[in-house]
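Accompanying notes for the structure given below.
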Amino acid sequence: PGAMGEDTKGEAVRYGVTDALSLMKPTAVDLQSSRDLEAHLEADFPQEDPKRMKLREQVLEEVGGLFTSWVSEMQQQSGSPNESGKLFTFGSYKLTVVHPESDIDTLCMAPPWVSRDLFFQQFVERLMNHENCSECIPVPGAYTPVIKMRWSGIWLDLLFASFGEGGMTSPPSSLLDDELLQGMDDKSVRAVNGCRVAELILQLIPNPENFRVTLRFIKYWARQ
């Protein structure tokens with residue numbers, strides 16, 4: 001079962017696992033009601049403003065640069081193959097439903113010779129010593145190990161995984177390749193899963209804008 005619709009070629013496709021409440025096109029009253037509801041949402045649960053979004057982009061660029069430079073230094077010290085690290089985002093930032101209080105969910109992908117212990121020891125030390133990092137709380141013993149960090153006033157959750165554990169020799173352009181998971185330990189699989197789910201959602205949803213508005217309402221409701 002599921003709701004029926006049409007793809008861009010006019011062919012019937014089925015979405016979801018339950019039937020739609022209605023397949024009728026919206027009336028003028030429906031559209032106005034939607035606009036009124038969205039105005040209420042923006043007033044009570046606004047999106048992040050453009051200036052702060054630029055700051056979030058800058059934060060990701062700085063943290064990503066710090067991570068890749070650290071990986072390069074580890075490579076030079078160990079004489080390991082010349083492979084780089086890469087940052088991926090997921091959660092509200094990836095889905096572009098960012099509230100001013102939202103953190104940035106981030107995955108740090110590293111080559112196989114960079115261990116999780118090194119990440120939670122040496123990289124954490126580098127973060128703590130940076131002037132833009134005001135708080136850094138490593139939680140290596142969590143079910144999914146994480147670093148909770150505040151950088152230039154923006155909170156981030158940093159997860160860790162190694163792409164080489166699955167037999168790959170360079171950072172993947174997409175995390176949806178199942179080959180990536182081969183040989184990974186459970187902690188890395190859990191760390192990668194958030195990115196894979198977010199990427200798959202963006203590929204499958206028929207109307208991204210409607211999805212984002214609906215998701216914002218759900219997040220707003222969950223905070224009440």
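By order of appearance in the structure tokens: chains A, B, ..., then residues from 1 within every chain, and ligands from 1 in the order shown.
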Write out as a ChimeraX atom specification all residues of region 161-219 of chain A that DSSP puts in alpha helix (DSSP H) for this structure's backbone. /A:186-204,208-219
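In this comparison, which uses only C-alpha atoms, the residue of A:Val98, A:Met53, A:Ile137, A:Met184 approaching Glu125 (chain A) most closely is A:Ile137.
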Can you measure CA of Lys51 (chain A) to CA of Ser69 (chain A) for me? One decimal in Å is fine.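 Interatomic distance here is 27.1 Å.
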With distances taken over only C-alpha atoms, which residue among A:Trp155, A:Asn207, A:Glu101, A:Arg190 lies nearest Ala142 (chain A)?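 Distance minimum relative to Ala142 (chain A) lands on A:Arg190.
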From the list A:Arg56, A:Arg196, A:His99, A:Lys187, which residue is nearest Leu156 (chain A) when using only C-alpha atoms?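 The closest residue to Leu156 (chain A) is A:Arg56.
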Contacts of Pro208 (chain A) within 12 Å, only C-alpha atoms, excl. fewer than 6 positions in-chain, as a PyMOL selection string: chain A and resi 95-97+201-202+214-215
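Using only C-alpha atoms for every distance, the candidate list A:Trp113, A:Glu57, A:Leu107, A:Val139 yields A:Leu107 as the residue closest to Val189 (chain A).
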Using only C-alpha atoms: which of A:Glu62, A:Pro100, A:Leu200, A:Asp178 has the shortest distance to His130 (chain A):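 Closest residue, counting only C-alpha atoms: A:Glu62.
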Separation of CA of Trp221 (chain A) from CA of Arg35 (chain A) in Å: 17.9 Å
Which of region 1-218 of chain A fall in strand (DSSP E), as an MDAnalysis selection string: chainID A and resid 3:6 12:15 86:90 104:110 133:139 146:151 154:162
